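Below is model-v1.txt, which holds compact mmCIF, C-alpha atoms and all ligand atoms.
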# COMPACT_ATOMS: atom_id res chain seq x y z
CA MET G 1 -0.48 20.25 15.49
CA THR G 2 1.28 18.04 18.06
CA MET G 3 4.98 17.28 17.75
CA THR G 4 5.76 13.60 17.57
CA LYS G 5 8.87 12.30 19.32
CA GLU G 6 10.76 9.95 17.06
CA ILE G 7 12.02 6.58 18.29
CA THR G 8 14.91 5.61 16.04
CA VAL G 9 15.55 1.96 15.33
CA LYS G 10 18.74 2.18 17.39
CA ASP G 11 16.77 3.33 20.45
CA LEU G 12 13.86 0.97 19.90
CA ASN G 13 13.36 -1.70 22.52
CA VAL G 14 10.80 -3.85 20.75
CA VAL G 15 9.54 -5.78 23.78
CA GLN G 16 9.09 -2.61 25.80
CA PHE G 17 7.51 -0.74 22.86
CA VAL G 18 4.97 -3.52 22.26
CA GLU G 19 4.11 -3.70 25.96
CA GLU G 20 3.62 0.07 26.19
CA LYS G 21 1.51 0.33 23.05
CA VAL G 22 -0.68 -2.60 24.08
CA LYS G 23 -1.28 -0.89 27.45
CA GLU G 24 -1.97 2.47 25.79
CA ILE G 25 -4.49 0.98 23.39
CA SER G 26 -6.27 -0.87 26.24
CA ARG G 27 -6.36 2.27 28.34
CA THR G 28 -7.67 4.48 25.53
CA VAL G 29 -10.37 2.14 24.28
CA GLY G 30 -11.46 1.02 27.77
CA ASP G 31 -14.55 -1.18 27.41
CA GLY G 32 -15.24 0.26 23.96
CA LEU G 33 -14.90 -1.20 20.52
CA ALA G 34 -12.28 -0.43 17.93
CA ILE G 35 -11.92 -1.32 14.32
CA ASN G 36 -9.06 -1.26 11.90
CA ALA G 37 -8.45 -1.86 8.25
CA LEU G 38 -5.73 -4.30 7.35
CA SER G 39 -4.10 -3.90 3.95
CA GLY G 40 -1.40 -6.51 4.45
CA GLY G 41 1.38 -3.93 4.43
CA VAL G 42 3.83 -4.01 7.29
CA ASP G 43 2.30 -0.96 9.05
CA SER G 44 -1.32 -2.09 9.16
CA SER G 45 -0.20 -5.65 9.95
CA ALA G 46 1.81 -4.51 12.97
CA VAL G 47 -1.08 -2.36 14.18
CA THR G 48 -3.50 -5.27 13.81
CA MET G 49 -1.34 -7.44 16.05
CA LEU G 50 -0.88 -4.69 18.67
CA GLY G 51 -4.63 -4.04 18.66
CA HIS G 52 -5.50 -7.69 19.00
CA ARG G 53 -3.11 -8.14 21.88
CA ALA G 54 -4.72 -5.17 23.61
CA LEU G 55 -8.36 -5.74 22.81
CA GLY G 56 -8.87 -9.31 21.57
CA ASP G 57 -12.35 -9.62 20.08
CA ARG G 58 -13.09 -5.96 20.78
CA LEU G 59 -10.98 -5.07 17.78
CA HIS G 60 -12.72 -5.86 14.52
CA THR G 61 -10.29 -6.10 11.64
CA TYR G 62 -11.47 -5.62 8.09
CA PHE G 63 -9.74 -6.14 4.81
CA ILE G 64 -11.34 -3.75 2.33
CA ASP G 65 -11.25 -5.33 -1.09
CA ASN G 66 -11.10 -2.21 -3.23
CA GLY G 67 -10.56 -4.10 -6.47
CA ILE G 68 -7.15 -2.53 -7.05
CA MET G 69 -5.06 -5.00 -5.07
CA ARG G 70 -2.54 -7.44 -6.43
CA GLU G 71 -3.59 -10.91 -7.55
CA GLY G 72 -4.90 -13.11 -4.71
CA GLU G 73 -4.02 -10.49 -2.10
CA PRO G 74 -7.19 -10.54 0.07
CA GLU G 75 -7.15 -14.32 0.47
CA ARG G 76 -3.39 -14.43 1.10
CA ILE G 77 -3.50 -11.83 3.86
CA VAL G 78 -6.57 -13.27 5.55
CA ALA G 79 -4.89 -16.70 5.62
CA ILE G 80 -1.71 -15.31 7.21
CA PHE G 81 -3.69 -13.65 9.99
CA LYS G 82 -5.87 -16.70 10.51
CA LYS G 83 -2.67 -18.57 11.33
CA MET G 84 -1.89 -15.85 13.88
CA GLY G 85 -5.31 -16.41 15.48
CA VAL G 86 -6.75 -13.16 14.13
CA ASN G 87 -10.07 -13.18 12.37
CA VAL G 88 -10.21 -10.75 9.43
CA GLU G 89 -13.38 -9.95 7.56
CA ILE G 90 -13.14 -9.19 3.84
CA ILE G 91 -15.42 -6.37 2.69
CA ASP G 92 -16.14 -6.36 -1.02
CA ALA G 93 -16.16 -2.67 -1.97
CA GLN G 94 -14.93 -3.04 -5.53
CA ASP G 95 -17.95 -1.40 -7.15
CA GLU G 96 -17.72 1.68 -4.95
CA PHE G 97 -14.03 2.19 -5.66
CA PHE G 98 -14.37 1.71 -9.40
CA SER G 99 -17.28 4.10 -9.59
CA ALA G 100 -15.26 6.70 -7.65
CA LEU G 101 -12.35 6.20 -10.06
CA LYS G 102 -14.51 6.47 -13.14
CA GLY G 103 -13.27 9.15 -15.49
CA VAL G 104 -10.52 10.27 -13.07
CA THR G 105 -7.14 10.66 -14.73
CA ASP G 106 -5.23 13.17 -12.59
CA PRO G 107 -2.88 11.39 -10.10
CA GLU G 108 -3.83 13.45 -7.07
CA GLU G 109 -7.53 13.27 -7.89
CA LYS G 110 -7.18 9.49 -8.04
CA ARG G 111 -5.61 9.44 -4.60
CA GLU G 112 -8.35 11.72 -3.31
CA ALA G 113 -11.09 9.54 -4.82
CA ILE G 114 -9.61 6.50 -3.08
CA THR G 115 -9.20 8.32 0.24
CA GLN G 116 -12.74 9.64 0.23
CA THR G 117 -14.23 6.30 -0.79
CA PHE G 118 -12.22 4.53 1.87
CA TYR G 119 -12.91 6.83 4.83
CA LYS G 120 -16.20 8.50 4.10
CA LYS G 121 -18.05 5.70 2.41
CA VAL G 122 -16.79 2.22 3.11
CA PHE G 123 -14.94 2.58 6.38
CA GLY G 124 -17.25 5.27 7.81
CA ARG G 125 -20.17 2.90 7.22
CA LEU G 126 -18.32 0.05 8.91
CA VAL G 127 -17.51 2.16 11.95
CA LYS G 128 -21.15 3.13 12.30
CA SER G 129 -22.53 -0.36 11.82
CA SER G 130 -19.96 -1.86 14.19
CA GLY G 131 -20.67 0.68 16.92
CA ALA G 132 -16.92 1.30 17.26
CA GLN G 133 -15.68 4.58 18.69
CA TYR G 134 -12.05 4.09 17.76
CA LEU G 135 -10.05 3.48 14.66
CA LEU G 136 -6.57 2.02 14.86
CA GLN G 137 -4.30 3.12 12.09
CA GLY G 138 -0.74 2.42 10.98
CA THR G 139 0.44 5.97 10.30
CA ILE G 140 4.23 6.26 10.64
CA LEU G 141 6.47 9.28 11.07
CA THR G 142 7.55 9.32 7.42
CA ASP G 143 3.89 9.65 6.34
CA ILE G 144 3.61 12.78 8.45
CA ASP G 145 6.90 14.28 7.25
CA GLU G 146 6.07 13.74 3.60
CA THR G 147 2.60 15.11 3.93
CA ILE G 148 3.74 18.21 5.78
CA ALA G 149 6.47 18.71 3.18
CA GLY G 150 3.81 18.46 0.48
CA ILE G 151 5.73 15.73 -1.30
CA LYS G 152 2.69 13.56 -1.64
CA ARG G 153 -0.78 13.34 -0.24
CA GLN G 154 -0.60 10.26 1.95
CA HIS G 155 -3.90 8.65 2.81
CA ASN G 156 -3.74 8.53 6.58
CA VAL G 157 -2.67 11.81 8.07
CA PHE G 158 -5.82 13.82 8.55
CA GLU G 159 -4.92 15.28 11.88
CA GLN G 160 -1.59 16.53 10.63
CA LEU G 161 -3.44 18.23 7.80
CA GLY G 162 -5.68 19.98 10.32
CA ILE G 163 -8.71 17.80 9.52
CA ASP G 164 -10.54 16.56 12.63
CA PRO G 165 -11.48 12.95 11.90
CA GLN G 166 -14.16 13.02 14.58
CA ALA G 167 -15.90 15.93 12.92
CA ALA G 168 -15.21 14.86 9.35
CA PHE G 169 -15.70 11.13 9.67
CA GLY G 170 -17.20 10.54 13.14
CA TYR G 171 -14.52 8.61 14.98
CA LYS G 172 -11.31 8.89 16.99
CA ILE G 173 -8.04 7.72 15.53
CA ILE G 174 -5.31 5.86 17.45
CA GLU G 175 -1.90 5.72 15.77
CA PRO G 176 0.45 3.48 17.78
CA LEU G 177 3.31 3.54 15.25
CA VAL G 178 3.52 7.26 14.76
CA GLN G 179 6.94 7.59 16.48
CA LEU G 180 8.55 5.01 14.21
CA ARG G 181 9.95 4.87 10.73
CA LYS G 182 9.73 1.85 8.47
CA ASP G 183 12.80 0.06 9.84
CA GLY G 184 11.36 0.32 13.37
CA VAL G 185 7.95 -0.92 12.24
CA ARG G 186 9.56 -3.96 10.59
CA LYS G 187 11.19 -4.82 13.92
CA VAL G 188 7.91 -4.43 15.76
CA ALA G 189 6.14 -6.59 13.16
CA GLN G 190 8.76 -9.27 13.66
CA GLY G 191 8.54 -8.84 17.43
CA VAL G 192 4.80 -9.51 17.48
CA GLY G 193 5.33 -12.77 15.62
CA LEU G 194 4.35 -11.87 12.07
CA PRO G 195 5.99 -13.98 9.35
CA GLU G 196 8.92 -12.72 7.29
CA GLU G 197 6.78 -12.34 4.16
CA ILE G 198 5.02 -9.55 6.09
CA TYR G 199 7.84 -7.87 8.03
CA HIS G 200 10.19 -7.91 5.04
CA ARG G 201 7.51 -6.93 2.58
CA MET G 202 8.44 -4.63 -0.25
CA PRO G 203 6.78 -1.20 -0.07
CA PHE G 204 3.49 -0.94 -1.91
CA PRO G 205 1.46 2.27 -2.26
CA GLY G 206 -1.87 2.85 -0.53
CA PRO G 207 -3.58 3.64 -3.85
CA ALA G 208 -2.39 0.17 -4.89
CA LEU G 209 -2.53 -0.72 -8.58
CA SER G 210 -4.31 2.51 -9.42
CA ALA G 211 -0.89 4.12 -8.83
CA ARG G 212 0.47 1.79 -11.49
CA VAL G 213 -1.97 2.81 -14.19
CA ILE G 214 -1.38 6.12 -15.91
CA GLY G 215 -4.74 7.64 -16.73
CA GLU G 216 -8.09 6.13 -15.81
CA ALA G 217 -8.03 3.08 -13.53
CA THR G 218 -10.82 0.97 -15.00
CA ARG G 219 -11.39 -2.68 -14.08
CA GLU G 220 -9.92 -3.71 -17.40
CA ARG G 221 -6.78 -1.58 -17.11
CA ILE G 222 -6.25 -2.71 -13.51
CA ALA G 223 -6.54 -6.33 -14.70
CA THR G 224 -3.84 -5.64 -17.28
CA VAL G 225 -1.38 -4.14 -14.82
CA ARG G 226 -2.24 -6.84 -12.26
CA ALA G 227 -1.30 -9.57 -14.72
CA ALA G 228 1.99 -7.85 -15.54
CA THR G 229 2.65 -7.32 -11.82
CA VAL G 230 2.39 -11.06 -11.15
CA ILE G 231 5.14 -11.68 -13.71
CA VAL G 232 7.39 -8.84 -12.54
CA GLU G 233 7.09 -9.93 -8.90
CA GLU G 234 7.77 -13.57 -9.75
CA GLU G 235 10.80 -12.86 -11.90
CA LEU G 236 12.34 -10.26 -9.60
CA ALA G 237 11.63 -11.95 -6.26
CA GLY G 238 14.93 -12.39 -4.46
CA CYS G 239 16.82 -9.93 -6.71
CA GLY G 240 17.50 -7.81 -3.62
CA ALA G 241 16.04 -4.60 -5.04
CA PHE G 242 14.19 -2.13 -2.84
CA GLN G 243 11.02 -2.12 -4.95
CA TYR G 244 9.89 -3.32 -8.38
CA MET G 245 6.75 -2.81 -10.35
CA ALA G 246 4.91 -2.85 -13.65
CA ILE G 247 3.21 0.28 -14.95
CA LEU G 248 0.56 0.51 -17.64
CA HIS G 249 0.95 3.55 -19.86
CA GLN G 250 -1.84 5.57 -21.36
CA ASP G 251 -0.21 6.14 -24.74
CA ARG G 252 -0.52 3.36 -27.22
CA VAL G 253 2.09 2.27 -29.73
CA THR G 254 1.85 0.34 -32.93
CA GLY G 255 2.88 -3.28 -32.82
CA MET G 256 2.30 -6.45 -34.80
CA ARG G 257 0.04 -9.22 -33.64
CA ASP G 258 -1.11 -12.17 -35.77
CA ASN G 259 0.45 -10.46 -38.81
CA LYS G 260 -1.70 -7.41 -38.34
CA ARG G 261 -0.81 -3.96 -37.14
CA ASP G 262 -2.12 -3.53 -33.62
CA PHE G 263 -2.23 -0.23 -31.78
CA GLY G 264 -1.33 -1.79 -28.48
CA LEU G 265 -0.52 -1.25 -24.83
CA GLN G 266 2.80 -0.35 -23.25
CA ILE G 267 4.09 -1.78 -19.99
CA GLU G 268 7.01 -0.12 -18.23
CA ILE G 269 9.03 -2.06 -15.69
CA ARG G 270 10.76 -0.26 -12.85
CA CYS G 271 13.16 -1.85 -10.39
CA TRP G 272 14.84 0.32 -7.79
CA ASP G 273 17.88 0.18 -5.53
CA SER G 274 17.26 2.44 -2.57
CA VAL G 275 17.68 2.64 1.18
CA ASP G 276 14.71 4.76 2.20
CA ALA G 277 12.90 5.68 -1.04
CA ARG G 278 14.18 9.25 -0.87
CA GLN G 279 16.74 8.60 -3.58
CA ALA G 280 16.74 5.62 -5.88
CA HIS G 281 18.72 4.12 -8.77
CA PRO G 282 17.47 1.66 -11.33
CA THR G 283 18.79 -1.81 -10.52
CA ARG G 284 21.33 -3.11 -13.06
CA LEU G 285 19.29 -6.19 -13.84
CA PRO G 286 20.89 -8.84 -16.06
CA TYR G 287 19.80 -8.44 -19.67
CA GLU G 288 18.54 -12.04 -19.67
CA THR G 289 16.16 -11.15 -16.84
CA LEU G 290 14.82 -8.20 -18.82
CA GLU G 291 14.33 -10.38 -21.87
CA THR G 292 12.49 -13.01 -19.86
CA LEU G 293 10.27 -10.34 -18.38
CA ALA G 294 9.44 -8.94 -21.79
CA GLN G 295 8.73 -12.34 -23.32
CA ARG G 296 6.50 -13.43 -20.49
CA ILE G 297 4.54 -10.15 -20.40
CA LEU G 298 4.07 -10.06 -24.19
CA LYS G 299 2.79 -13.62 -24.14
CA ALA G 300 0.57 -13.49 -21.06
CA VAL G 301 -0.88 -10.00 -20.91
CA PRO G 302 -3.51 -9.31 -23.57
CA GLY G 303 -2.98 -6.27 -25.78
CA VAL G 304 0.60 -5.48 -24.74
CA VAL G 305 3.00 -4.79 -27.63
CA SER G 306 5.74 -2.85 -25.83
CA VAL G 307 7.76 -3.52 -22.68
CA THR G 308 10.34 -1.00 -21.49
CA TYR G 309 12.73 -0.75 -18.53
CA ASN G 310 13.10 2.57 -16.74
CA ILE G 311 16.68 3.83 -16.44
CA ALA G 312 16.09 7.26 -14.88
CA THR G 313 17.11 7.95 -11.28
CA LYS G 314 15.06 9.45 -8.46
CA PRO G 315 15.34 12.45 -8.38
CA PRO G 316 14.11 13.81 -10.70
CA SER G 317 11.97 10.70 -11.24
CA THR G 318 9.82 9.27 -8.45
CA ILE G 319 9.52 5.60 -7.59
CA GLU G 320 5.91 5.37 -8.67
CA ALA G 321 4.84 6.73 -12.03
CA ILE G 322 1.92 8.77 -10.75
P1 LIG G 401 7.58 8.10 -4.80
O1 LIG G 401 6.74 7.67 -5.97
O2 LIG G 401 7.10 9.35 -4.15
O3 LIG G 401 7.41 6.94 -3.72
O4 LIG G 401 9.06 8.16 -5.12
C1 LIG G 401 8.15 6.80 -2.54
C2 LIG G 401 7.64 5.59 -1.80
O5 LIG G 401 6.29 5.83 -1.34
C3 LIG G 401 5.38 4.92 -1.96
N1 LIG G 401 4.20 5.71 -2.38
C4 LIG G 401 3.02 5.74 -1.74
N2 LIG G 401 2.61 5.10 -0.65
N3 LIG G 401 0.50 6.17 -0.83
C5 LIG G 401 1.34 5.31 -0.20
O6 LIG G 401 0.93 4.71 0.78
C6 LIG G 401 0.86 6.86 -1.93
O7 LIG G 401 0.06 7.63 -2.48
C7 LIG G 401 2.18 6.63 -2.41
N4 LIG G 401 2.87 7.10 -3.44
C8 LIG G 401 4.11 6.53 -3.41
C9 LIG G 401 6.12 4.31 -3.14
O8 LIG G 401 5.66 3.01 -3.44
C10 LIG G 401 7.55 4.34 -2.66
O9 LIG G 401 7.87 3.22 -1.86
Output the file's structure in the form of structure tokens.
Amino acid sequence: MTMTKEITVKDLNVVQFVEEKVKEISRTVGDGLAINALSGGVDSSAVTMLGHRALGDRLHTYFIDNGIMREGEPERIVAIFKKMGVNVEIIDAQDEFFSALKGVTDPEEKREAITQTFYKKVFGRLVKSSGAQYLLQGTILTDIDETIAGIKRQHNVFEQLGIDPQAAFGYKIIEPLVQLRKDGVRKVAQGVGLPEEIYHRMPFPGPALSARVIGEATRERIATVRAATVIVEEELAGCGAFQYMAILHQDRVTGMRDNKRDFGLQIEIRCWDSVDARQAHPTRLPYETLETLAQRILKAVPGVVSVTYNIATKPPSTIEAI
């Protein structure tokens, strides 16, 4: 295991960092081809820009549509990068992800199913068909720390786990952001010209909406949490919180709909104040905001009869519910 030297945000010279990383990527890839997967998060967005500066058309950027993204996400991200002069290809892999998630209810097994589908099936196939020898990836220092500490199985830290990606998946991985933490990456993202909606983006987990569904992540249950997520994100945009989300519970509760008893769905809303996600407090949202959220979700999301707001702190809670 190699030790990674941290560059703190205070020591980060963005212009110099970008220049060095662009040179390093060019030198490593040589005349070869590289590919990367863009999720639209700040890390993969920054890496995409660094890679394109270094390699131009010799970096092929894919957006893997795994079916568990937020509403309109693939189109939104592709449009942003088009404006930056970067061509991104959307790969529809929804069927593969949903079949891997079928019947899986355990949180870590869900993460594993997504990881394996992403690397071994979809992305592995793309690497082979593209002829690329290199994969650019947006791993940051916090991913490595948390994985080593066993806090959570992050999706992009194979080498740190002692897994050789060349042997396991058939390609070499380049991780230009691995000395930075999130605040540094945001600066780099801004420095390479990405818009504020990217460099100030709220954190969002790799396992996407499947992390927001307790129990099996079926197409239908993902659609439910996706619809609630649209409302939560609209209503809480600009509230200044660190992160906010809707969660679909597995337990059902009795409610009334059209004068009939209806054993319906429960949505939990979480909204967190936090600096670095290590500790977090529920935001003291105005009661009116909570009421509006509840009314909108009950009206717009089929089957929901209960909306709750989480008031527990992290720890012992976590930010996500799985
Ligand atoms: P927790 O739930 O551990 O989350 O308090 C801390 C921060 O990490 C994000 N998170 C994840 N990100 N893959 C990711 O890429 C994951 O499996 C994952 N789980 C949690 C979470 O959104 C929060 O910002």
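CA of Thr117 (chain G) sits 23.8 Å away from atom O4 of ligand LIG 401 (chain G).
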Expected selection as a PyMOL selection string for ligand LIG 401 (chain G) within 10 Å, only C-alpha atoms and all ligand atoms
chain G and resi 41+107-108+110-112+114-115+139+142-143+146+151-156+202-208+210-212+242-245+272+274+276-280+314-322
Find the residues near Lys102 (chain G): any atom within 8 Å, counting only C-alpha atoms, skip ones fewer than 3 places away on the same chain, and give them as number ranges by chain.
G: 98-99, 216-218
For region 284-298 of chain G, find every residue with an atom within 12 Å (counting only C-alpha atoms), except residues of its own chain fewer than 5 positions away, and show them as a PyMOL selection string.
chain G and resi 224-237+239-241+244-248+255-257+264-273+303-313
Write out the residues from the selection above, keeping C-alpha atoms, as a PDB file, in the frame of the given file.
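The result, stored in part20.pdb:
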ATOM      1  CA  THR G 224      -3.840  -5.640 -17.280  1.00  0.00           C
ATOM      2  CA  VAL G 225      -1.380  -4.140 -14.820  1.00  0.00           C
ATOM      3  CA  ARG G 226      -2.240  -6.840 -12.260  1.00  0.00           C
ATOM      4  CA  ALA G 227      -1.300  -9.570 -14.720  1.00  0.00           C
ATOM      5  CA  ALA G 228       1.990  -7.850 -15.540  1.00  0.00           C
ATOM      6  CA  THR G 229       2.650  -7.320 -11.820  1.00  0.00           C
ATOM      7  CA  VAL G 230       2.390 -11.060 -11.150  1.00  0.00           C
ATOM      8  CA  ILE G 231       5.140 -11.680 -13.710  1.00  0.00           C
ATOM      9  CA  VAL G 232       7.390  -8.840 -12.540  1.00  0.00           C
ATOM     10  CA  GLU G 233       7.090  -9.930  -8.900  1.00  0.00           C
ATOM     11  CA  GLU G 234       7.770 -13.570  -9.750  1.00  0.00           C
ATOM     12  CA  GLU G 235      10.800 -12.860 -11.900  1.00  0.00           C
ATOM     13  CA  LEU G 236      12.340 -10.260  -9.600  1.00  0.00           C
ATOM     14  CA  ALA G 237      11.630 -11.950  -6.260  1.00  0.00           C
ATOM     15  CA  CYS G 239      16.820  -9.930  -6.710  1.00  0.00           C
ATOM     16  CA  GLY G 240      17.500  -7.810  -3.620  1.00  0.00           C
ATOM     17  CA  ALA G 241      16.040  -4.600  -5.040  1.00  0.00           C
ATOM     18  CA  TYR G 244       9.890  -3.320  -8.380  1.00  0.00           C
ATOM     19  CA  MET G 245       6.750  -2.810 -10.350  1.00  0.00           C
ATOM     20  CA  ALA G 246       4.910  -2.850 -13.650  1.00  0.00           C
ATOM     21  CA  ILE G 247       3.210   0.280 -14.950  1.00  0.00           C
ATOM     22  CA  LEU G 248       0.560   0.510 -17.640  1.00  0.00           C
ATOM     23  CA  GLY G 255       2.880  -3.280 -32.820  1.00  0.00           C
ATOM     24  CA  MET G 256       2.300  -6.450 -34.800  1.00  0.00           C
ATOM     25  CA  ARG G 257       0.040  -9.220 -33.640  1.00  0.00           C
ATOM     26  CA  GLY G 264      -1.330  -1.790 -28.480  1.00  0.00           C
ATOM     27  CA  LEU G 265      -0.520  -1.250 -24.830  1.00  0.00           C
ATOM     28  CA  GLN G 266       2.800  -0.350 -23.250  1.00  0.00           C
ATOM     29  CA  ILE G 267       4.090  -1.780 -19.990  1.00  0.00           C
ATOM     30  CA  GLU G 268       7.010  -0.120 -18.230  1.00  0.00           C
ATOM     31  CA  ILE G 269       9.030  -2.060 -15.690  1.00  0.00           C
ATOM     32  CA  ARG G 270      10.760  -0.260 -12.850  1.00  0.00           C
ATOM     33  CA  CYS G 271      13.160  -1.850 -10.390  1.00  0.00           C
ATOM     34  CA  TRP G 272      14.840   0.320  -7.790  1.00  0.00           C
ATOM     35  CA  ASP G 273      17.880   0.180  -5.530  1.00  0.00           C
ATOM     36  CA  GLY G 303      -2.980  -6.270 -25.780  1.00  0.00           C
ATOM     37  CA  VAL G 304       0.600  -5.480 -24.740  1.00  0.00           C
ATOM     38  CA  VAL G 305       3.000  -4.790 -27.630  1.00  0.00           C
ATOM     39  CA  SER G 306       5.740  -2.850 -25.830  1.00  0.00           C
ATOM     40  CA  VAL G 307       7.760  -3.520 -22.680  1.00  0.00           C
ATOM     41  CA  THR G 308      10.340  -1.000 -21.490  1.00  0.00           C
ATOM     42  CA  TYR G 309      12.730  -0.750 -18.530  1.00  0.00           C
ATOM     43  CA  ASN G 310      13.100   2.570 -16.740  1.00  0.00           C
ATOM     44  CA  ILE G 311      16.680   3.830 -16.440  1.00  0.00           C
ATOM     45  CA  ALA G 312      16.090   7.260 -14.880  1.00  0.00           C
ATOM     46  CA  THR G 313      17.110   7.950 -11.280  1.00  0.00           C
TER      47      THR G 313
END
Do you know which residues are at most 12 Å from Ser45 (chain G) counting only C-alpha atoms, after dropping those on the same chain fewer than 3 positions away, and could you put them as a PyMOL selection string?
chain G and resi 36-42+48-52+61-63+77-78+80-81+84+86+88+136-139+177+185-186+188-201
Sorted by chain and rising residue number, list the residues of region 162-256 of chain G at most 12 Å from region 24-35 of chain G (counting all atoms listed in the file), each with its closest atom pair and distance in Å to one decimal, as CSV.
residue,atom,partner,partner_atom,distance
G:Tyr171,CA,G:Ala34,CA,9.8
G:Lys172,CA,G:Ala34,CA,9.4
G:Ile173,CA,G:Ala34,CA,9.5
G:Ile174,CA,G:Ile25,CA,7.7
G:Glu175,CA,G:Ile25,CA,9.3
G:Pro176,CA,G:Ile25,CA,7.9
G:Leu177,CA,G:Ile25,CA,11.6
Which one of G:Gly170, G:Pro165, G:Asn87, G:Ala149 sits closest to Leu126 (chain G) if you count only C-alpha atoms?
G:Gly170
For each of G:Arg181, G:Val18, G:Glu96, G:Tyr134, take the minimum atom-to-atom distance to Arg58 (chain G), counting all atoms listed in the file, then give the residue where this is smallest.
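Closest candidate: G:Tyr134.
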So that I can check the surroundings of Thr4 (chain G), please list as a list of chain:residue names every protein, DNA and RNA residue that reaches within 10 Å of it, counting only C-alpha atoms and ignoring chain neighbours fewer than 4 positions away.
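Counting only C-alpha atoms, the residues come to G:Leu141, G:Ile144, G:Val178, G:Gln179, G:Leu180.
Interatomic distance, CA of His249 (chain G) to CA of Thr283 (chain G): 20.8 Å.
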Could you jot down the CA of Val15 (chain G) to CA of Lys83 (chain G) separation for me, Å, one decimal place?
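Value for the CA of Val15 (chain G)-CA of Lys83 (chain G) distance: 21.6 Å.
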